[in-house]
Structure formats: structure tokens, C-alpha cells
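Novice: Pasting upload.cif here (mmCIF, C-alpha atoms and all ligand atoms):
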```cif
data_entry
loop_
_atom_site.group_PDB
_atom_site.id
_atom_site.type_symbol
_atom_site.label_atom_id
_atom_site.label_comp_id
_atom_site.auth_asym_id
_atom_site.auth_seq_id
_atom_site.Cartn_x
_atom_site.Cartn_y
_atom_site.Cartn_z
ATOM 1 C CA MET V 1 96.387 99.282 92.879
ATOM 2 C CA ASN V 2 98.324 98.352 95.964
ATOM 3 C CA ILE V 3 99.523 94.770 95.726
ATOM 4 C CA ASN V 4 101.991 93.497 98.240
ATOM 5 C CA GLY V 5 103.722 90.422 99.517
ATOM 6 C CA ALA V 6 103.654 86.743 98.719
ATOM 7 C CA PRO V 7 100.794 84.905 97.002
ATOM 8 C CA VAL V 8 97.898 84.314 99.332
ATOM 9 C CA ILE V 9 96.317 81.698 97.053
ATOM 10 C CA LYS V 10 98.288 79.100 95.117
ATOM 11 C CA LEU V 11 96.872 76.473 92.790
ATOM 12 C CA ASN V 12 99.247 73.914 91.410
ATOM 13 C CA GLU V 13 98.305 71.465 88.614
ATOM 14 C CA LEU V 14 94.731 71.393 89.882
ATOM 15 C CA ASN V 15 92.471 68.739 88.350
ATOM 16 C CA LEU V 16 88.850 68.208 89.258
ATOM 17 C CA SER V 17 86.339 65.739 87.857
ATOM 18 C CA TYR V 18 82.760 65.071 88.859
ATOM 19 C CA ALA V 19 81.731 61.443 89.102
ATOM 20 C CA ASN V 20 78.283 60.551 87.757
ATOM 21 C CA GLY V 21 77.937 56.901 88.695
ATOM 22 C CA LYS V 22 80.648 55.202 86.680
ATOM 23 C CA ASN V 23 81.139 58.183 84.399
ATOM 24 C CA ILE V 24 83.947 60.599 85.087
ATOM 25 C CA PHE V 25 83.206 64.153 84.009
ATOM 26 C CA PRO V 26 86.432 66.208 83.878
ATOM 27 C CA VAL V 27 85.969 69.915 84.567
ATOM 28 C CA LEU V 28 89.277 71.496 85.657
ATOM 29 C CA GLU V 29 92.512 70.450 83.998
ATOM 30 C CA GLY V 30 95.986 71.462 85.172
ATOM 31 C CA ILE V 31 95.115 74.852 86.615
ATOM 32 C CA ASP V 32 98.165 76.784 87.845
ATOM 33 C CA LEU V 33 97.397 80.098 89.459
ATOM 34 C CA SER V 34 98.912 82.394 92.074
ATOM 35 C CA VAL V 35 96.998 85.301 93.510
ATOM 36 C CA GLN V 36 98.872 87.988 95.446
ATOM 37 C CA LYS V 37 97.647 89.553 98.647
ATOM 38 C CA GLU V 38 95.142 92.333 97.902
ATOM 39 C CA GLU V 39 95.121 91.514 94.212
ATOM 40 C CA LEU V 40 91.799 91.532 92.370
ATOM 41 C CA ILE V 41 91.645 88.982 89.585
ATOM 42 C CA SER V 42 88.710 88.335 87.294
ATOM 43 C CA ILE V 43 87.931 84.988 85.748
ATOM 44 C CA LEU V 44 86.201 84.840 82.388
ATOM 45 C CA GLY V 45 85.240 81.738 80.449
ATOM 46 C CA PRO V 46 82.376 80.175 78.494
ATOM 47 C CA SER V 47 79.245 79.085 80.332
ATOM 48 C CA GLY V 48 79.657 75.646 81.900
ATOM 49 C CA CYS V 49 83.463 75.638 81.659
ATOM 50 C CA GLY V 50 83.981 75.345 85.430
ATOM 51 C CA LYS V 51 84.247 78.835 86.945
ATOM 52 C CA THR V 52 81.855 78.166 89.835
ATOM 53 C CA THR V 53 83.489 74.770 90.352
ATOM 54 C CA LEU V 54 86.890 76.473 90.601
ATOM 55 C CA LEU V 55 85.648 78.941 93.228
ATOM 56 C CA ARG V 56 84.027 76.136 95.211
ATOM 57 C CA ALA V 57 87.272 74.130 95.155
ATOM 58 C CA ILE V 58 89.276 77.134 96.395
ATOM 59 C CA ALA V 59 86.675 77.697 99.142
ATOM 60 C CA GLY V 60 87.045 74.110 100.365
ATOM 61 C CA LEU V 61 83.464 73.293 99.387
ATOM 62 C CA MET V 62 84.389 70.778 96.693
ATOM 63 C CA PRO V 63 86.955 67.960 96.795
ATOM 64 C CA PHE V 64 89.393 68.019 93.887
ATOM 65 C CA THR V 65 90.953 65.064 92.106
ATOM 66 C CA SER V 66 94.661 65.954 92.112
ATOM 67 C CA GLY V 67 97.055 68.864 92.458
ATOM 68 C CA THR V 68 97.221 71.311 95.344
ATOM 69 C CA ILE V 69 95.462 74.425 96.607
ATOM 70 C CA SER V 70 96.884 76.503 99.414
ATOM 71 C CA VAL V 71 95.302 79.571 100.961
ATOM 72 C CA ASP V 72 97.560 81.509 103.270
ATOM 73 C CA ASP V 73 99.617 78.301 103.654
ATOM 74 C CA ARG V 74 96.539 76.297 104.635
ATOM 75 C CA SER V 75 94.412 73.713 102.851
ATOM 76 C CA PRO V 76 91.077 75.088 101.572
ATOM 77 C CA GLU V 77 89.225 73.207 104.336
ATOM 78 C CA GLU V 78 91.472 74.682 107.020
ATOM 79 C CA ALA V 79 91.137 78.125 105.482
ATOM 80 C CA ARG V 80 87.348 77.742 105.470
ATOM 81 C CA ARG V 81 87.366 76.614 109.098
ATOM 82 C CA ASP V 82 89.524 79.619 109.972
ATOM 83 C CA ARG V 83 86.968 81.835 108.194
ATOM 84 C CA LEU V 84 89.389 83.208 105.661
ATOM 85 C CA PHE V 85 86.700 83.329 102.960
ATOM 86 C CA GLY V 86 83.725 85.500 102.262
ATOM 87 C CA ILE V 87 81.635 84.181 99.403
ATOM 88 C CA VAL V 88 79.096 85.965 97.219
ATOM 89 C CA PHE V 89 77.287 83.215 95.363
ATOM 90 C CA GLN V 90 76.052 83.311 91.758
ATOM 91 C CA GLU V 91 72.421 83.226 92.855
ATOM 92 C CA THR V 92 71.436 85.828 95.443
ATOM 93 C CA ALA V 93 71.055 83.666 98.497
ATOM 94 C CA LEU V 94 69.276 86.093 100.822
ATOM 95 C CA TYR V 95 66.442 84.876 103.021
ATOM 96 C CA PRO V 96 63.302 86.858 102.118
ATOM 97 C CA TRP V 97 61.762 86.412 105.581
ATOM 98 C CA ARG V 98 64.763 87.925 107.350
ATOM 99 C CA THR V 99 65.566 91.620 107.511
ATOM 100 C CA VAL V 100 68.749 93.046 105.981
ATOM 101 C CA LEU V 101 70.423 93.008 109.390
ATOM 102 C CA GLU V 102 69.297 89.448 110.118
ATOM 103 C CA ASN V 103 70.639 88.312 106.741
ATOM 104 C CA VAL V 104 74.003 89.932 107.458
ATOM 105 C CA LEU V 105 74.106 88.315 110.904
ATOM 106 C CA LEU V 106 73.620 84.856 109.409
ATOM 107 C CA PRO V 107 77.329 83.872 109.204
ATOM 108 C CA PHE V 108 77.559 84.324 112.975
ATOM 109 C CA GLU V 109 74.809 81.755 113.466
ATOM 110 C CA VAL V 110 76.436 78.923 111.532
ATOM 111 C CA GLY V 111 79.535 76.954 112.476
ATOM 112 C CA GLU V 112 81.447 77.659 115.624
ATOM 113 C CA ASN V 113 80.581 80.909 117.301
ATOM 114 C CA HIS V 114 83.575 82.956 118.329
ATOM 115 C CA ILE V 115 81.705 86.141 119.013
ATOM 116 C CA ASP V 116 78.953 87.292 121.398
ATOM 117 C CA LYS V 117 75.642 88.744 120.265
ATOM 118 C CA GLN V 118 76.442 92.396 120.966
ATOM 119 C CA GLU V 119 79.771 92.141 119.159
ATOM 120 C CA ALA V 120 78.083 90.432 116.198
ATOM 121 C CA LEU V 121 75.492 93.199 116.028
ATOM 122 C CA LYS V 122 78.198 95.847 116.070
ATOM 123 C CA GLU V 123 80.151 94.113 113.279
ATOM 124 C CA ALA V 124 77.008 93.697 111.174
ATOM 125 C CA LEU V 125 76.073 97.375 111.503
ATOM 126 C CA ASN V 126 79.660 98.443 110.709
ATOM 127 C CA THR V 127 79.623 96.282 107.601
ATOM 128 C CA LEU V 128 76.262 97.707 106.512
ATOM 129 C CA GLN V 129 77.808 101.143 106.828
ATOM 130 C CA THR V 130 80.790 100.043 104.695
ATOM 131 C CA VAL V 131 78.472 98.936 101.877
ATOM 132 C CA GLY V 132 76.332 102.077 102.192
ATOM 133 C CA LEU V 133 73.213 100.459 103.606
ATOM 134 C CA LEU V 134 73.022 101.861 107.084
ATOM 135 C CA GLY V 135 69.399 102.840 107.739
ATOM 136 C CA PHE V 136 68.078 99.857 105.791
ATOM 137 C CA ASP V 137 68.903 97.308 108.480
ATOM 138 C CA ASN V 138 65.228 96.623 109.240
ATOM 139 C CA ALA V 139 64.085 96.458 105.612
ATOM 140 C CA TYR V 140 63.246 93.138 103.968
ATOM 141 C CA PRO V 141 64.910 92.013 100.711
ATOM 142 C CA SER V 142 61.630 92.544 98.791
ATOM 143 C CA GLN V 143 61.825 96.249 99.681
ATOM 144 C CA LEU V 144 65.271 96.736 98.101
ATOM 145 C CA SER V 145 66.543 97.444 94.586
ATOM 146 C CA GLY V 146 68.862 95.055 92.710
ATOM 147 C CA GLY V 147 71.947 97.100 93.580
ATOM 148 C CA MET V 148 70.955 97.184 97.238
ATOM 149 C CA LEU V 149 70.428 93.408 97.273
ATOM 150 C CA SER V 150 73.949 92.999 95.880
ATOM 151 C CA ARG V 151 75.236 95.176 98.708
ATOM 152 C CA VAL V 152 73.506 92.996 101.302
ATOM 153 C CA SER V 153 75.154 89.897 99.796
ATOM 154 C CA ILE V 154 78.527 91.640 99.896
ATOM 155 C CA ALA V 155 77.946 92.780 103.490
ATOM 156 C CA ARG V 156 77.123 89.230 104.515
ATOM 157 C CA ALA V 157 80.312 87.962 102.872
ATOM 158 C CA LEU V 158 82.390 90.685 104.538
ATOM 159 C CA VAL V 159 80.968 90.563 108.044
ATOM 160 C CA TYR V 160 83.686 88.190 109.247
ATOM 161 C CA LYS V 161 86.430 90.400 107.789
ATOM 162 C CA PRO V 162 87.633 87.650 105.456
ATOM 163 C CA GLU V 163 91.053 87.786 103.884
ATOM 164 C CA VAL V 164 89.698 86.484 100.598
ATOM 165 C CA LEU V 165 86.465 87.432 98.887
ATOM 166 C CA LEU V 166 85.191 84.970 96.281
ATOM 167 C CA MET V 167 82.543 86.526 94.045
ATOM 168 C CA ASP V 168 80.594 84.533 91.463
ATOM 169 C CA GLU V 169 78.962 86.903 88.956
ATOM 170 C CA PRO V 170 77.619 89.044 91.788
ATOM 171 C CA PHE V 171 76.320 91.828 89.541
ATOM 172 C CA GLY V 172 75.107 89.689 86.629
ATOM 173 C CA ASP V 173 71.454 90.668 87.100
ATOM 174 C CA LEU V 174 72.029 94.415 87.246
ATOM 175 C CA ASP V 175 71.545 96.855 84.379
ATOM 176 C CA GLU V 176 74.756 98.261 82.924
ATOM 177 C CA MET V 177 74.734 101.592 84.751
ATOM 178 C CA THR V 178 73.963 100.068 88.151
ATOM 179 C CA ARG V 179 76.602 97.438 87.511
ATOM 180 C CA THR V 180 79.265 100.076 86.774
ATOM 181 C CA TRP V 181 78.203 101.927 89.928
ATOM 182 C CA MET V 182 78.501 98.703 91.954
ATOM 183 C CA ASN V 183 81.922 98.054 90.383
ATOM 184 C CA MET V 184 83.078 101.414 91.719
ATOM 185 C CA GLU V 185 81.528 100.635 95.082
ATOM 186 C CA LEU V 186 83.359 97.313 95.178
ATOM 187 C CA LEU V 187 86.697 99.053 94.544
ATOM 188 C CA ARG V 188 85.884 101.548 97.298
ATOM 189 C CA ILE V 189 84.926 98.764 99.732
ATOM 190 C CA LYS V 190 88.046 96.785 98.821
ATOM 191 C CA SER V 191 90.292 99.771 99.536
ATOM 192 C CA GLU V 192 88.622 99.998 102.950
ATOM 193 C CA VAL V 193 88.676 96.331 103.964
ATOM 194 C CA LYS V 194 91.886 95.398 102.096
ATOM 195 C CA CYS V 195 91.012 91.882 100.974
ATOM 196 C CA THR V 196 92.071 89.724 98.040
ATOM 197 C CA ILE V 197 89.295 89.162 95.481
ATOM 198 C CA ILE V 198 88.610 86.484 92.887
ATOM 199 C CA PHE V 199 85.765 87.737 90.739
ATOM 200 C CA VAL V 200 83.928 85.616 88.165
ATOM 201 C CA THR V 201 82.134 87.496 85.413
ATOM 202 C CA HIS V 202 80.846 87.208 81.862
ATOM 203 C CA SER V 203 81.478 90.888 81.211
ATOM 204 C CA LEU V 204 84.771 91.874 79.649
ATOM 205 C CA GLN V 205 84.132 95.503 80.491
ATOM 206 C CA GLU V 206 83.498 94.708 84.144
ATOM 207 C CA ALA V 207 86.618 92.533 84.281
ATOM 208 C CA VAL V 208 88.838 95.298 82.873
ATOM 209 C CA LEU V 209 87.322 98.002 85.051
ATOM 210 C CA LEU V 210 87.861 96.034 88.260
ATOM 211 C CA SER V 211 90.914 93.890 87.849
ATOM 212 C CA ASP V 212 94.638 93.919 88.271
ATOM 213 C CA ARG V 213 94.651 90.776 86.143
ATOM 214 C CA VAL V 214 92.130 88.992 83.902
ATOM 215 C CA ILE V 215 92.327 85.204 83.613
ATOM 216 C CA ILE V 216 90.709 83.538 80.613
ATOM 217 C CA LEU V 217 89.505 79.935 80.855
ATOM 218 C CA GLY V 218 88.824 77.720 77.844
ATOM 219 C CA ALA V 219 85.925 75.333 77.204
ATOM 220 C CA ARG V 220 85.445 72.359 79.557
ATOM 221 C CA PRO V 221 87.555 70.526 80.630
ATOM 222 C CA THR V 222 88.947 73.928 81.297
ATOM 223 C CA ARG V 223 92.430 75.298 81.662
ATOM 224 C CA ILE V 224 93.860 78.802 81.647
ATOM 225 C CA VAL V 225 94.232 79.838 78.028
ATOM 226 C CA ASN V 226 95.373 83.406 78.552
ATOM 227 C CA GLU V 227 95.932 86.110 81.099
ATOM 228 C CA PHE V 228 96.230 89.874 80.903
ATOM 229 C CA ASN V 229 97.612 92.441 83.314
ATOM 230 C CA ILE V 230 95.409 95.495 83.394
ATOM 231 C CA ASN V 231 96.989 98.904 83.745
ATOM 232 C CA LEU V 232 94.688 101.899 83.872
ATOM 233 C CA SER V 233 95.705 105.404 84.870
ATOM 234 C CA GLU V 234 92.410 105.708 86.760
ATOM 235 C CA ARG V 235 89.324 103.660 87.535
ATOM 236 C CA SER V 236 86.107 105.603 87.636
ATOM 237 C CA GLU V 237 82.667 105.512 86.059
ATOM 238 C CA SER V 238 83.975 107.580 83.164
ATOM 239 C CA SER V 239 86.958 105.224 82.603
ATOM 240 C CA VAL V 240 84.774 103.141 80.296
ATOM 241 C CA ASP V 241 84.743 106.018 77.796
ATOM 242 C CA MET V 242 88.509 106.473 77.851
ATOM 243 C CA ARG V 243 90.754 105.280 75.083
ATOM 244 C CA GLU V 244 93.146 103.296 77.282
ATOM 245 C CA PHE V 245 90.165 101.386 78.708
ATOM 246 C CA ARG V 246 88.653 100.599 75.316
ATOM 247 C CA GLU V 247 92.051 99.463 74.039
ATOM 248 C CA GLN V 248 92.463 96.983 76.899
ATOM 249 C CA VAL V 249 88.954 95.605 76.325
ATOM 250 C CA GLU V 250 89.598 95.265 72.584
ATOM 251 C CA LYS V 251 92.948 93.561 73.121
ATOM 252 C CA ILE V 252 91.313 90.864 75.237
ATOM 253 C CA ARG V 253 88.285 90.556 72.966
ATOM 254 C CA LYS V 254 90.587 89.957 70.014
ATOM 255 C CA ALA V 255 92.513 87.250 71.843
ATOM 256 C CA LEU V 256 89.225 85.635 72.890
ATOM 257 C CA THR V 257 87.866 85.216 69.407
ATOM 258 C CA ASP V 258 90.484 82.592 68.556
ATOM 259 C CA LYS V 259 90.966 81.061 72.014
ATOM 260 C CA TRP V 260 87.546 80.978 73.683
ATOM 261 C CA TRP V 261 86.259 77.680 72.373
ATOM 262 C CA GLN V 262 89.512 75.733 72.151
HETATM 263 N N1 LIG V 301 77.591 68.904 91.396
HETATM 264 C C1 LIG V 301 77.832 68.611 90.108
HETATM 265 N N2 LIG V 301 77.830 67.331 89.675
HETATM 266 C C2 LIG V 301 78.105 67.032 88.385
HETATM 267 N N3 LIG V 301 78.412 67.941 87.444
HETATM 268 C C3 LIG V 301 78.425 69.233 87.820
HETATM 269 C C4 LIG V 301 78.132 69.644 89.165
HETATM 270 N N4 LIG V 301 78.240 70.997 89.237
HETATM 271 C C5 LIG V 301 78.564 71.417 87.996
HETATM 272 N N5 LIG V 301 78.677 70.370 87.141
HETATM 273 C C6 LIG V 301 79.059 70.439 85.730
HETATM 274 O O1 LIG V 301 80.390 70.961 85.676
HETATM 275 C C7 LIG V 301 80.513 71.882 84.585
HETATM 276 C C8 LIG V 301 81.011 73.202 85.125
HETATM 277 O O2 LIG V 301 79.985 73.799 85.902
HETATM 278 P P1 LIG V 301 80.160 75.230 86.587
HETATM 279 O O3 LIG V 301 78.914 75.533 87.320
HETATM 280 O O4 LIG V 301 81.433 75.218 87.333
HETATM 281 O O5 LIG V 301 80.309 76.148 85.284
HETATM 282 P P2 LIG V 301 80.416 77.740 85.148
HETATM 283 O O6 LIG V 301 81.638 78.017 84.348
HETATM 284 O O7 LIG V 301 80.294 78.363 86.487
HETATM 285 O O8 LIG V 301 79.124 78.077 84.263
HETATM 286 P P3 LIG V 301 78.220 79.423 84.218
HETATM 287 O O9 LIG V 301 79.044 80.455 83.510
HETATM 288 O O10 LIG V 301 77.032 79.014 83.406
HETATM 289 O O11 LIG V 301 77.866 79.790 85.623
HETATM 290 C C9 LIG V 301 79.151 71.940 83.912
HETATM 291 O O12 LIG V 301 79.184 71.123 82.768
HETATM 292 C C10 LIG V 301 78.183 71.410 84.950
HETATM 293 O O13 LIG V 301 77.131 70.714 84.319
HETATM 294 MG MG MG V 302 78.877 79.594 87.366
#
```
Spell out the structure here as C-alpha cells.

Specialist:
Amino acid sequence: MNINGAPVIKLNELNLSYANGKNIFPVLEGIDLSVQKEELISILGPSGCGKTTLLRAIAGLMPFTSGTISVDDRSPEEARRDRLFGIVFQETALYPWRTVLENVLLPFEVGENHIDKQEALKEALNTLQTVGLLGFDNAYPSQLSGGMLSRVSIARALVYKPEVLLMDEPFGDLDEMTRTWMNMELLRIKSEVKCTIIFVTHSLQEAVLLSDRVIILGARPTRIVNEFNINLSERSESSVDMREFREQVEKIRKALTDKWWQ
């Protein structure tokens, strides 16, 4: 995969605790992470360890306790204001009463508007084409399959042409075959729009298939317990049956069995 230039995201000694009244609830502990431009990294870790919290902190949606985060040399809040992020949330957050097109247009309706209606419409239709949904612009979410709903969420996150795409288990509800198909679609879309991606998943197979690098988090309060560079001679739907792919998955699985819960 084509990775170039300096890190676009840098986390340095990041700590984050939630406060519940007088109780402090530590979640992230000393996270150091650099993500290069156009890199795709996956984050794996046990349920409740802090993966969503980490994405929200990077996106400037969650204040952190100490340490630093910079995104393209900006604070997360500045980066959010400058619309550097597209976010696909863990729960599909589409509005059922709005059409596909109206859902994709939503980001243009919140915050400051830098774009006129006709331009917004053009961008939304272009993005629907990128995700392979042109022709479904007037359909409602209830009329779409799971894979198509995922595409709408991705289109909505991409409509602003963000530099960074943050994805929180976006394909978790899909069956295995549809998920693999969507993984391939994501790689195709990424090669078209050229963004940096942080991808949270519970699936080791998905992480290996998609990523340049897999980051493993430990139990809460979480820190990075391991990371793996992924080298595959090709990435396709049949990669999952290839020996090199299975070896990478097994290597990580083995390392996880002794590290996951520590
Ligand atoms: N707003 C909040 N206030 C207090 N505690 C919170 C809040 N949000 C999350 N937590 C707690 O922080 C911890 C990490 O939550 P988070 O949602 O980041 O985990 P996760 O790794 O994304 O889990 P999962 O894999 O189940 O999605 C959990 O113990 C959760 O209960
Ligand atoms: Mg989560």
C-alpha cells in the first residue's frame, strides 16, 4: 500500500479518565501512536477497553486528561473544526425518515456551512457513486441491505473529503461474506479518496485483510500491548484462503492469547 510522508496523527503519552462524581475511572494509559498519511491501521482490544473512547479523543469529541494529540499539526478540536475527520460510528446512525441522499447531505447541514446547496448535492451524488450506491439516492434506509446501509454511513463520512476516516466497527453486524466484500470495497474507496484510516474491529481476519498495521490494546485501563506490520502480496477476497494470510492471522492470534487480558 502507498504510504507517504510524515505522520498525520500523533498521540504522545495520552491518558484519559472518566469522572463519575468523585470516582476517577481510568480508561487510556500512556498511549503513544503515530499514524502516517494514507496508512490504514486497525485497533483490536477486549470489549470495554477504550477503543471507542480513543477514537472520540482523536476526533476532538472527548477531553483527555494528559498527554498530547495532534492531527495534521492541529489540536483535535481544531482538526474537527477544519473538517479533517469523517466518522463512521459503532452504531449505524442513519435517520430512518430521511432518504439515502438526505442522510448523506446531513454533514452539510450541521456546523458552519461553507458550501451552497447545488454544490452539496453534487458532492453527495459523487460520494454515492464512489460507494456504489448511485441510483439508490431516493431510497429509505429500511429499503436497503446491511451492506448498503454500511455504504451510506461511509458515504456520509466521506462527503466532506476528510483527510482522516475514523471507523468504529463499521461492519460488525454484517455476515462474514458481506463483510469481506465490504472490506474490499473499503480498500477500493480508500485508493480513490486517498485518506488515512483508523479502523476499530473485533475481527482479526478483517484487521489483517485491511491493514498496513494492527495495534493491539490490553484490558482497561488500556495501553498498546503489541503491534504488527502486515505484509501481503495481494489483498482480495481470496486472500483469506492464502497461506501468507493465515500465517499473519495465526501469528497475531498466538501473541494475543498471552497478552490480551494483561
Ligand atoms: N461517557 C462515559 N462515562 C463514563 N464511562 C464511560 C463513558 N463512555 C465509556 N465509558 C467506560 O469506558 C470504558 C471504555 O469504553 P469504550 O466504549 O471506549 O470501550 P470499547 O473498547 O469501545 O468497547 P466495545 O468493544 O464494547 O465497543 C468502559 O468501561 C465504559 O463503561
Ligand atoms: Mg466501542

Novice: What residues have any atom no more than 9 Å from ligand LIG 301 (chain V) when counting only C-alpha atoms and all ligand atoms, and can you list them as a tab-separated table (two decimals) with C-alpha atoms, in the frame of the given file?

Specialist:
```tsv
chain	number	residue	atom	x	y	z
V	17	SER	CA	86.34	65.74	87.86
V	18	TYR	CA	82.76	65.07	88.86
V	19	ALA	CA	81.73	61.44	89.10
V	20	ASN	CA	78.28	60.55	87.76
V	25	PHE	CA	83.21	64.15	84.01
V	26	PRO	CA	86.43	66.21	83.88
V	27	VAL	CA	85.97	69.92	84.57
V	28	LEU	CA	89.28	71.50	85.66
V	44	LEU	CA	86.20	84.84	82.39
V	45	GLY	CA	85.24	81.74	80.45
V	46	PRO	CA	82.38	80.18	78.49
V	47	SER	CA	79.24	79.08	80.33
V	48	GLY	CA	79.66	75.65	81.90
V	49	CYS	CA	83.46	75.64	81.66
V	50	GLY	CA	83.98	75.34	85.43
V	51	LYS	CA	84.25	78.83	86.94
V	52	THR	CA	81.86	78.17	89.84
V	53	THR	CA	83.49	74.77	90.35
V	54	LEU	CA	86.89	76.47	90.60
V	55	LEU	CA	85.65	78.94	93.23
V	56	ARG	CA	84.03	76.14	95.21
V	62	MET	CA	84.39	70.78	96.69
V	90	GLN	CA	76.05	83.31	91.76
V	168	ASP	CA	80.59	84.53	91.46
V	169	GLU	CA	78.96	86.90	88.96
V	200	VAL	CA	83.93	85.62	88.16
V	201	THR	CA	82.13	87.50	85.41
V	202	HIS	CA	80.85	87.21	81.86
V	217	LEU	CA	89.50	79.94	80.86
V	219	ALA	CA	85.92	75.33	77.20
V	220	ARG	CA	85.44	72.36	79.56
V	221	PRO	CA	87.56	70.53	80.63
V	222	THR	CA	88.95	73.93	81.30
```

Novice: Kindly give the distance, in Å, that separates atom CA of V:Val131 and atom CA of V:Leu40, rounded to a single decimal.

Specialist: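 Straight-line distance from atom CA of V:Val131 to atom CA of V:Leu40 works out to 18.0 Å.
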
Novice: I would like the residues chosen by the PyMOL selection byres (((chain V and resi 42) around 9) and not hetatm) on the shown file; could you give them as a list in words?

Specialist: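 So the PyMOL selection byres (((chain V and resi 42) around 9) and not hetatm) ends up selecting Leu40, Ile41, Ile43, Leu44, Ile197, Ile198, Phe199, Val200, Thr201, Glu206, Ala207, Val208, Leu210, Ser211, Asp212, Arg213, Val214, Ile215 and Ile216 of chain V.
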
Novice: Kindly give the distance, in Å, that separates atom CA of V:Asp175 and atom CA of V:Thr92, rounded to a single decimal.

Specialist: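 That distance, rounded to one decimal, is 15.6 Å.
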
Novice: Which residue out of V:Ser203, V:Gln129, V:Ser142, V:Ser75 has the minimum interatomic distance to V:Pro170 when all atoms listed in the file are used?

Specialist: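 Among the listed residues, V:Ser203 lies closest to V:Pro170.
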
Novice: Tell me which protein, DNA and RNA residues are within 10 Å of V:Phe108, counting only C-alpha atoms, leaving out same-chain ones fewer than 5 positions away, and put them as a ChimeraX atom specification.

Specialist: /V:113-117,120-121,124,156,159-160

Novice: Write out as number ranges by chain the residues lying within 8 Å of stretch 248-250 of chain V, counting all atoms listed in the file and excluding same-chain residues fewer than 5 positions away.

Specialist: V: 204-205, 208, 230

Novice: Skip V:Leu14 itself and residues of its chain fewer than 6 positions away, then list as a short mmCIF file (atom, residue, chain, number, x, y, z; two decimals) with C-alpha atoms, keeping the file's coordinate frame all residues within 12 Å of it, counting only C-alpha atoms.

Specialist:
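part-v7.cif, written as the output of this step:
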```cif
data_model
loop_
_atom_site.label_atom_id
_atom_site.label_comp_id
_atom_site.auth_asym_id
_atom_site.auth_seq_id
_atom_site.Cartn_x
_atom_site.Cartn_y
_atom_site.Cartn_z
CA PRO V 26 86.43 66.21 83.88
CA VAL V 27 85.97 69.92 84.57
CA LEU V 28 89.28 71.50 85.66
CA GLU V 29 92.51 70.45 84.00
CA GLY V 30 95.99 71.46 85.17
CA ILE V 31 95.12 74.85 86.62
CA ASP V 32 98.16 76.78 87.84
CA LEU V 33 97.40 80.10 89.46
CA SER V 34 98.91 82.39 92.07
CA THR V 53 83.49 74.77 90.35
CA LEU V 54 86.89 76.47 90.60
CA ALA V 57 87.27 74.13 95.16
CA ILE V 58 89.28 77.13 96.40
CA PRO V 63 86.96 67.96 96.80
CA PHE V 64 89.39 68.02 93.89
CA THR V 65 90.95 65.06 92.11
CA SER V 66 94.66 65.95 92.11
CA GLY V 67 97.06 68.86 92.46
CA THR V 68 97.22 71.31 95.34
CA ILE V 69 95.46 74.42 96.61
CA SER V 70 96.88 76.50 99.41
CA PRO V 221 87.56 70.53 80.63
CA THR V 222 88.95 73.93 81.30
CA ARG V 223 92.43 75.30 81.66
CA ILE V 224 93.86 78.80 81.65
#
```
